[in-house]
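J.: If it helps, the file is called query_3.cif and holds mmCIF, C-alpha atoms:
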```
data_structure
#
loop_
_atom_site.label_atom_id
_atom_site.label_comp_id
_atom_site.auth_asym_id
_atom_site.auth_seq_id
_atom_site.Cartn_x
_atom_site.Cartn_y
_atom_site.Cartn_z
CA MET A 1 -135.26 15.21 22.79
CA GLY A 2 -135.85 12.42 25.32
CA ASP A 3 -139.03 10.43 25.61
CA LYS A 4 -141.80 12.00 27.65
CA ARG A 5 -142.79 10.24 30.82
CA PRO A 6 -146.18 8.48 30.45
CA THR A 7 -149.01 10.30 32.20
CA LEU A 8 -152.11 9.16 34.03
CA GLU A 9 -154.16 10.51 31.10
CA ALA A 10 -152.18 8.37 28.65
CA VAL A 11 -152.91 5.26 30.70
CA ALA A 12 -156.61 6.19 30.83
CA ALA A 13 -156.72 6.61 27.04
CA ARG A 14 -154.95 3.29 26.43
CA ALA A 15 -157.29 1.41 28.80
CA GLN A 16 -160.34 3.36 27.57
CA VAL A 17 -161.37 4.37 31.08
CA SER A 18 -161.54 7.63 33.00
CA ARG A 19 -158.58 9.26 34.72
CA ALA A 20 -160.36 8.74 38.04
CA THR A 21 -160.59 5.01 37.42
CA VAL A 22 -156.86 4.77 36.75
CA SER A 23 -156.22 6.72 39.96
CA ARG A 24 -158.35 4.26 41.94
CA VAL A 25 -156.43 1.29 40.50
CA VAL A 26 -153.05 2.90 41.16
CA ASN A 27 -153.99 3.55 44.78
CA GLY A 28 -155.26 0.02 45.40
CA GLN A 29 -158.94 0.79 45.92
CA ALA A 30 -161.15 -2.30 45.90
CA THR A 31 -164.15 -0.67 44.23
CA VAL A 32 -162.89 -1.20 40.66
CA ASN A 33 -164.35 -3.99 38.49
CA PRO A 34 -161.69 -6.75 38.13
CA GLN A 35 -161.85 -6.70 34.32
CA ILE A 36 -161.37 -2.92 34.25
CA ARG A 37 -158.50 -3.22 36.75
CA ASP A 38 -156.79 -5.78 34.50
CA ALA A 39 -157.15 -3.45 31.51
CA VAL A 40 -155.62 -0.56 33.47
CA LEU A 41 -152.73 -2.70 34.72
CA ARG A 42 -152.01 -3.87 31.14
CA ALA A 43 -151.94 -0.26 29.98
CA ILE A 44 -149.60 0.69 32.83
CA GLU A 45 -147.22 -2.12 31.89
CA GLU A 46 -147.34 -1.39 28.16
CA LEU A 47 -146.66 2.33 28.65
CA GLY A 48 -144.16 1.92 31.48
CA TYR A 49 -146.14 4.30 33.66
CA VAL A 50 -144.67 5.04 37.12
CA PRO A 51 -147.15 6.58 39.61
CA ASN A 52 -146.09 9.94 40.99
CA SER A 53 -145.53 9.52 44.73
CA ALA A 54 -146.55 13.08 45.56
CA ALA A 55 -149.81 12.73 43.66
CA ARG A 56 -150.45 9.34 45.22
CA SER A 57 -149.91 10.76 48.71
CA LEU A 58 -152.72 13.28 48.14
CA VAL A 59 -155.10 10.39 47.62
CA THR A 60 -153.78 7.88 50.15
CA ARG A 61 -152.77 10.41 52.81
CA GLN A 62 -149.49 8.49 53.02
CA THR A 63 -146.16 10.32 52.86
CA ASP A 64 -143.91 7.21 52.88
CA SER A 65 -141.81 9.04 55.48
CA ILE A 66 -141.18 8.17 59.14
CA ALA A 67 -139.67 10.66 61.59
CA LEU A 68 -136.81 9.54 63.83
CA VAL A 69 -136.86 12.01 66.71
CA VAL A 70 -133.74 12.07 68.88
CA SER A 71 -134.28 13.99 72.11
CA GLU A 72 -130.70 15.25 72.26
CA PRO A 73 -128.83 18.34 71.00
CA PRO A 74 -126.69 18.02 67.84
CA THR A 75 -123.48 18.04 69.90
CA ARG A 76 -124.59 14.79 71.57
CA VAL A 77 -125.99 13.02 68.51
CA PHE A 78 -122.94 13.76 66.36
CA SER A 79 -120.39 13.12 69.11
CA ASP A 80 -118.20 10.04 69.59
CA ASP A 81 -121.13 7.90 70.78
CA PRO A 82 -121.50 5.26 68.04
CA LEU A 83 -124.93 4.10 69.20
CA PHE A 84 -126.71 7.07 67.63
CA SER A 85 -125.15 6.51 64.21
CA LEU A 86 -125.86 2.77 64.40
CA VAL A 87 -129.53 3.34 65.26
CA ILE A 88 -129.89 5.92 62.47
CA ARG A 89 -128.19 3.65 59.94
CA THR A 90 -130.28 0.63 60.91
CA VAL A 91 -133.56 2.54 60.84
CA SER A 92 -132.72 4.03 57.43
CA SER A 93 -131.92 0.61 55.95
CA GLU A 94 -135.01 -1.07 57.37
CA LEU A 95 -137.33 1.68 56.17
CA GLU A 96 -135.75 1.65 52.72
CA LEU A 97 -136.54 -2.07 52.44
CA SER A 98 -140.19 -1.12 53.08
CA GLY A 99 -140.19 1.63 50.47
CA LYS A 100 -140.08 4.41 53.04
CA GLN A 101 -137.56 7.02 54.11
CA VAL A 102 -136.42 8.32 57.47
CA ILE A 103 -136.54 11.98 58.44
CA LEU A 104 -134.07 12.70 61.25
CA MET A 105 -135.29 15.35 63.68
CA LEU A 106 -133.42 16.53 66.79
CA ALA A 107 -135.52 17.59 69.78
CA GLY A 108 -132.97 18.59 72.37
CA SER A 109 -134.60 21.93 73.26
CA GLN A 110 -138.11 23.32 73.74
CA ARG A 111 -137.86 25.20 70.45
CA ALA A 112 -136.80 22.04 68.64
CA GLN A 113 -139.63 20.09 70.26
CA ALA A 114 -142.17 22.67 69.09
CA ARG A 115 -140.76 22.43 65.57
CA VAL A 116 -141.12 18.64 65.60
CA GLU A 117 -144.70 18.89 66.88
CA ASP A 118 -145.64 21.39 64.16
CA TYR A 119 -144.04 19.26 61.45
CA VAL A 120 -145.87 16.09 62.48
CA ALA A 121 -149.15 17.99 62.90
CA GLY A 122 -148.72 19.19 59.32
CA GLY A 123 -149.13 15.62 58.07
CA HIS A 124 -145.58 15.27 56.75
CA VAL A 125 -144.89 11.81 58.23
CA ASP A 126 -146.74 8.52 58.65
CA GLY A 127 -145.21 7.66 62.03
CA VAL A 128 -142.71 8.77 64.65
CA MET A 129 -139.92 6.87 66.42
CA PHE A 130 -138.39 8.36 69.57
CA VAL A 131 -134.81 7.79 70.71
CA SER A 132 -133.07 8.90 73.92
CA MET A 133 -136.02 10.42 75.74
CA HIS A 134 -135.42 12.21 79.04
CA GLY A 135 -137.79 12.51 81.99
CA ALA A 136 -141.47 13.29 81.49
CA ASP A 137 -141.01 14.47 77.90
CA PRO A 138 -144.39 15.92 76.75
CA LEU A 139 -143.66 15.50 73.03
CA PRO A 140 -144.50 11.76 72.63
CA GLY A 141 -147.90 12.22 74.28
CA ALA A 142 -148.68 15.29 72.20
CA ILE A 143 -147.90 13.44 68.98
CA ALA A 144 -149.73 10.28 70.03
CA ARG A 145 -152.87 12.37 70.56
CA MET A 146 -152.67 13.39 66.89
CA GLY A 147 -153.40 9.79 65.95
CA VAL A 148 -149.94 9.26 64.42
CA PRO A 149 -148.27 5.90 65.18
CA VAL A 150 -145.59 6.52 67.82
CA VAL A 151 -142.99 4.05 69.13
CA SER A 152 -139.95 4.34 71.37
CA TYR A 153 -136.40 2.99 71.28
CA GLY A 154 -136.26 1.91 74.90
CA ARG A 155 -138.97 1.80 77.53
CA PRO A 156 -140.31 5.35 77.84
CA ALA A 157 -140.69 7.27 81.09
CA VAL A 158 -143.71 9.21 79.85
CA ALA A 159 -147.24 8.70 81.19
CA VAL A 160 -148.71 7.72 77.80
CA ASP A 161 -148.54 4.01 76.97
CA LEU A 162 -146.23 3.86 73.94
CA PRO A 163 -145.16 0.73 72.09
CA TYR A 164 -141.42 0.22 72.53
CA ALA A 165 -138.43 -1.98 71.77
CA ASP A 166 -135.89 -2.32 74.57
CA ASN A 167 -133.14 -4.58 75.86
CA ASP A 168 -132.92 -6.23 79.27
CA ASN A 169 -131.09 -3.40 81.04
CA VAL A 170 -131.87 -4.70 84.53
CA GLY A 171 -130.84 -8.27 83.79
CA GLY A 172 -127.73 -7.25 81.88
CA ALA A 173 -126.50 -5.00 84.69
CA ALA A 174 -127.17 -7.73 87.28
CA GLN A 175 -125.23 -10.22 85.18
CA ALA A 176 -122.26 -7.82 85.04
CA VAL A 177 -122.21 -7.43 88.83
CA GLU A 178 -122.65 -11.17 89.38
CA HIS A 179 -119.59 -11.72 87.18
CA LEU A 180 -117.57 -9.32 89.35
CA LEU A 181 -118.70 -11.17 92.48
CA ASP A 182 -117.82 -14.52 90.89
CA ILE A 183 -114.23 -13.41 90.26
CA GLY A 184 -113.87 -12.43 93.90
CA ARG A 185 -114.54 -8.69 93.96
CA ARG A 186 -116.07 -7.38 97.16
CA ARG A 187 -116.23 -3.57 97.00
CA ILE A 188 -118.10 -3.01 93.75
CA ALA A 189 -119.00 0.55 92.76
CA THR A 190 -121.03 1.76 89.79
CA ILE A 191 -121.01 4.72 87.45
CA ALA A 192 -124.71 5.01 86.70
CA GLY A 193 -126.25 6.66 83.66
CA PRO A 194 -128.48 9.76 83.86
CA GLN A 195 -131.39 9.12 86.17
CA ASP A 196 -133.90 11.00 84.01
CA MET A 197 -133.57 8.17 81.46
CA ILE A 198 -135.11 4.72 81.89
CA GLY A 199 -131.94 3.02 80.64
CA GLY A 200 -129.91 4.76 83.34
CA GLN A 201 -132.47 3.89 85.99
CA ASP A 202 -132.80 0.23 84.97
CA ARG A 203 -129.06 -0.42 84.86
CA LEU A 204 -128.69 1.08 88.34
CA THR A 205 -131.56 -1.14 89.51
CA GLY A 206 -129.81 -4.24 88.14
CA TYR A 207 -126.59 -3.27 89.90
CA ARG A 208 -128.37 -2.77 93.22
CA ASP A 209 -130.40 -5.98 92.87
CA ALA A 210 -127.24 -8.06 92.41
CA LEU A 211 -125.47 -6.43 95.35
CA ARG A 212 -128.52 -6.83 97.59
CA MET A 213 -128.53 -10.57 96.91
CA SER A 214 -124.89 -10.75 98.02
CA ASP A 215 -125.38 -8.43 101.03
CA ARG A 216 -122.98 -5.79 99.65
CA ARG A 217 -123.46 -2.04 99.91
CA SER A 218 -123.92 0.27 96.90
CA ILE A 219 -121.25 2.80 95.96
CA VAL A 220 -122.73 5.08 93.30
CA ALA A 221 -121.59 7.96 91.11
CA VAL A 222 -123.72 9.29 88.26
CA GLY A 223 -122.56 10.25 84.76
CA ASP A 224 -124.30 11.35 81.58
CA PHE A 225 -123.21 8.54 79.22
CA THR A 226 -120.21 10.57 77.93
CA ARG A 227 -116.54 9.66 78.18
CA THR A 228 -115.74 12.85 80.11
CA SER A 229 -118.37 12.10 82.75
CA GLY A 230 -116.83 8.64 83.18
CA VAL A 231 -113.47 10.20 84.01
CA THR A 232 -115.02 12.57 86.54
CA ALA A 233 -117.25 9.93 88.17
CA MET A 234 -114.37 7.46 88.53
CA ARG A 235 -112.26 10.08 90.29
CA HIS A 236 -115.11 10.77 92.69
CA LEU A 237 -115.51 7.06 93.43
CA LEU A 238 -111.82 6.69 94.22
CA GLU A 239 -112.03 9.65 96.58
CA ASP A 240 -115.14 8.25 98.30
CA ASP A 241 -113.82 4.69 98.63
CA PRO A 242 -110.10 4.23 97.91
CA GLU A 243 -110.44 0.49 98.67
CA LEU A 244 -112.96 -0.31 95.92
CA ASP A 245 -111.83 -3.21 93.75
CA ALA A 246 -114.40 -3.17 90.92
CA VAL A 247 -116.73 -0.86 89.06
CA PHE A 248 -119.73 -1.57 86.84
CA VAL A 249 -120.19 1.29 84.36
CA ALA A 250 -123.57 1.86 82.71
CA ASN A 251 -122.15 2.34 79.22
CA ASP A 252 -118.88 1.74 77.40
CA LEU A 253 -118.04 5.38 76.73
CA MET A 254 -118.11 6.14 80.46
CA ALA A 255 -116.16 2.91 81.07
CA ILE A 256 -113.44 4.11 78.68
CA GLY A 257 -113.31 7.33 80.70
CA ALA A 258 -113.09 5.27 83.91
CA LEU A 259 -110.13 3.32 82.51
CA GLN A 260 -108.38 6.62 81.84
CA ALA A 261 -109.03 7.90 85.38
CA LEU A 262 -107.79 4.64 86.92
CA ARG A 263 -104.62 4.76 84.84
CA GLN A 264 -104.01 8.34 85.92
CA ALA A 265 -104.52 7.32 89.57
CA GLY A 266 -101.96 4.53 89.26
CA ARG A 267 -104.55 1.73 89.58
CA ARG A 268 -103.98 -1.38 87.48
CA VAL A 269 -106.91 -2.94 85.61
CA PRO A 270 -107.97 -5.61 86.44
CA ASP A 271 -105.36 -6.33 89.18
CA ASP A 272 -106.42 -3.45 91.45
CA VAL A 273 -109.81 -2.53 90.00
CA ALA A 274 -111.90 -4.65 87.61
CA VAL A 275 -114.09 -2.76 85.13
CA VAL A 276 -117.24 -3.89 83.29
CA GLY A 277 -119.11 -1.68 80.81
CA PHE A 278 -122.41 -1.93 78.94
CA ASP A 279 -123.25 -1.81 75.19
CA ASP A 280 -120.26 -3.56 73.56
CA ILE A 281 -119.40 -0.77 71.15
CA GLU A 282 -116.62 -1.51 68.69
CA ALA A 283 -114.06 0.44 70.73
CA ALA A 284 -114.61 -1.87 73.71
CA GLY A 285 -112.41 -4.51 72.09
CA PHE A 286 -109.54 -2.07 71.56
CA THR A 287 -109.17 -0.45 74.98
CA ASP A 288 -106.19 -1.19 77.21
CA PRO A 289 -107.02 -3.71 78.54
CA PRO A 290 -109.91 -4.82 76.31
CA LEU A 291 -113.19 -4.08 78.06
CA THR A 292 -115.47 -6.71 79.55
CA THR A 293 -118.98 -5.48 78.81
CA VAL A 294 -122.64 -6.36 78.31
CA ARG A 295 -123.69 -6.60 74.67
CA HIS A 296 -126.67 -4.39 73.88
CA PRO A 297 -128.42 -5.66 70.68
CA VAL A 298 -128.65 -2.23 69.04
CA VAL A 299 -129.39 -3.39 65.48
CA GLU A 300 -132.04 -5.89 66.60
CA GLN A 301 -133.66 -3.31 68.88
CA ALA A 302 -133.77 -0.65 66.15
CA THR A 303 -135.16 -3.21 63.70
CA ALA A 304 -137.89 -4.19 66.16
CA MET A 305 -138.79 -0.52 66.62
CA VAL A 306 -139.21 -0.08 62.85
CA LYS A 307 -141.40 -3.17 62.67
CA LEU A 308 -143.61 -1.78 65.43
CA VAL A 309 -144.12 1.59 63.76
CA LEU A 310 -144.91 0.01 60.38
CA THR A 311 -147.35 -2.59 61.75
CA PRO A 312 -150.94 -1.46 62.40
CA PRO A 313 -151.80 -1.83 66.11
CA GLU A 314 -154.45 -4.46 65.44
CA GLU A 315 -151.89 -6.63 63.60
CA ARG A 316 -149.07 -6.49 66.18
CA GLU A 317 -148.24 -9.61 68.15
CA THR A 318 -147.03 -7.37 70.97
CA ASP A 319 -146.51 -3.67 71.70
CA HIS A 320 -143.49 -4.23 73.95
CA VAL A 321 -140.32 -5.99 72.76
CA ILE A 322 -137.54 -6.70 75.28
CA LEU A 323 -134.40 -8.30 73.84
CA PRO A 324 -131.83 -10.31 75.84
CA THR A 325 -128.32 -9.03 76.57
CA GLU A 326 -125.07 -11.00 76.71
CA LEU A 327 -121.98 -10.67 78.91
CA VAL A 328 -118.79 -10.42 76.82
CA VAL A 329 -115.77 -11.28 78.97
CA ARG A 330 -112.45 -9.66 78.03
CA ASP A 331 -109.37 -8.69 80.03
CA SER A 332 -110.68 -5.79 82.16
CA ALA A 333 -112.63 -8.09 84.50
#
```
Before anything else, please render the file you have as structure tokens.
T.:
Amino acid sequence: MGDKRPTLEAVAARAQVSRATVSRVVNGQATVNPQIRDAVLRAIEELGYVPNSAARSLVTRQTDSIALVVSEPPTRVFSDDPLFSLVIRTVSSELELSGKQVILMLAGSQRAQARVEDYVAGGHVDGVMFVSMHGADPLPGAIARMGVPVVSYGRPAVAVDLPYADNDNVGGAAQAVEHLLDIGRRRIATIAGPQDMIGGQDRLTGYRDALRMSDRRSIVAVGDFTRTSGVTAMRHLLEDDPELDAVFVANDLMAIGALQALRQAGRRVPDDVAVVGFDDIEAAGFTDPPLTTVRHPVVEQATAMVKLVLTPPEERETDHVILPTELVVRDSA
């Protein structure tokens, strides 16, 4: 028979104090006499007592769990977009270092949103991080009103003022277009991201800002950040303006689709049409030709989001983190 796990009662007996006193020491309460605390800590060490996390949570009201809410259906989250898996992996690792765990929740439908709201209202998590929000999503505001810490991966479009970690979408997109202008391109189109998402809006803004400075007109098609939409949007652009000689694409997956459509149309890249993407996913270096793109600091942004949700508001240096982007020049432009 194996050894029995030491109990709270055993620690109390060894330290010659009450069970309630041991509980107060275990949960870090400052009302315990220092000498008594030392006696309890010695007893804990001698017996090898490990506090039960479930019992501790009843006292501290802490679950040691943080919800990562992705406002997308499963087919999108578990598709070929590597950004979701990288954010999830980074958040999990960062929370583990802090002794906490991540609970992944998908909120791509009204039913799923209601389930998330009920779960958080039930006190099952200590904070909520939102990823990939669309439009005026009511869920972040509803959860924030519960008094639960809420942060966003990316600047949110909702009315409530949420802390967030983002990257410089506007500046990165402008830098991409300026690069196309610098290499002599004159008819520069864009495949924009979905316009119910701030990232899609900001990257379109950066594209238009750069063209306005050079007195060029906008040529816009809109995709949904998927490879298939990049193929479709590129075909539409070629139909609308057969003379275009460059395209800025709001993410790399759509840019990979654009490369496919250009190849099918007999257009050489970059000779006939230069292509610049955004994100710098791993596949960007293995396309034909390798994709020039804007590096989106995904790991750093996800790490900053975790830091925000774990830091009490009164201790934060800032509620809004915006990280710089970097143009990565390869052979496509």
J.: Which of these residues is nearest to Glu243 (chain A), using only C-alpha atoms: A:Asp331, A:Glu96, A:Asp272, A:Asp288?
T.: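 Using only C-alpha atoms, Glu243 (chain A) sits closest to A:Asp272.
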J.: Please compute the CA of Pro324 (chain A)-CA of Val298 (chain A) distance, one decimal, in Å.
T.: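 Atom-to-atom, CA of Pro324 (chain A) and CA of Val298 (chain A) are spaced 11.0 Å apart.
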J.: Determine, for each residue of region 43-133 of chain A having at least one atom at most 9 Å from an atom of region 9-22 of chain A, the closest pair of atoms and their separation in Å to one decimal, counting all atoms listed in the file; order by chain and ascending number, as CSV.
T.:
```
residue,atom,partner,partner_atom,distance
A:Ala43,CA,A:Val11,CA,5.7
A:Ile44,CA,A:Val11,CA,6.0
A:Leu47,CA,A:Val11,CA,7.2
A:Tyr49,CA,A:Val11,CA,7.5
```
J.: So which residues get picked by the PyMOL selection byres ((chain A and resi 141) around 10) here, written as an MDAnalysis selection string?
T.: chainID A and resid 136:140 142:146 150 158:162
J.: Have a look at A:Val222, A:Ala304, A:Leu83, A:Val69 and name the one nearest to Pro194 (chain A); count only C-alpha atoms.
T.: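 Closest to Pro194 (chain A) of all the choices is A:Val222.
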J.: Quick one, how far is CA of Pro163 (chain A) from CA of Gln113 (chain A)?
T.: 20.2 Å
J.: Check the smallest atom-to-atom distance from each of A:Arg89, A:Arg217, A:Arg203, A:Arg316 to Ile188 (chain A) using all atoms listed in the file, then report the winner.
T.: A:Arg217
J.: I need the output of the PyMOL selection byres ((chain A and resi 282) around 12) for this file as a PyMOL selection string; which residues are they?
T.: chain A and resi 80-83+86+252-253+256+278-281+283-287+290-291+293+295-296
J.: Starting from the shown file, work through the PyMOL selection byres ((chain A and resi 170-179) around 6) and note down what comes out as a PyMOL selection string.
T.: chain A and resi 168-169+180-182+202-203+206-207+210+325
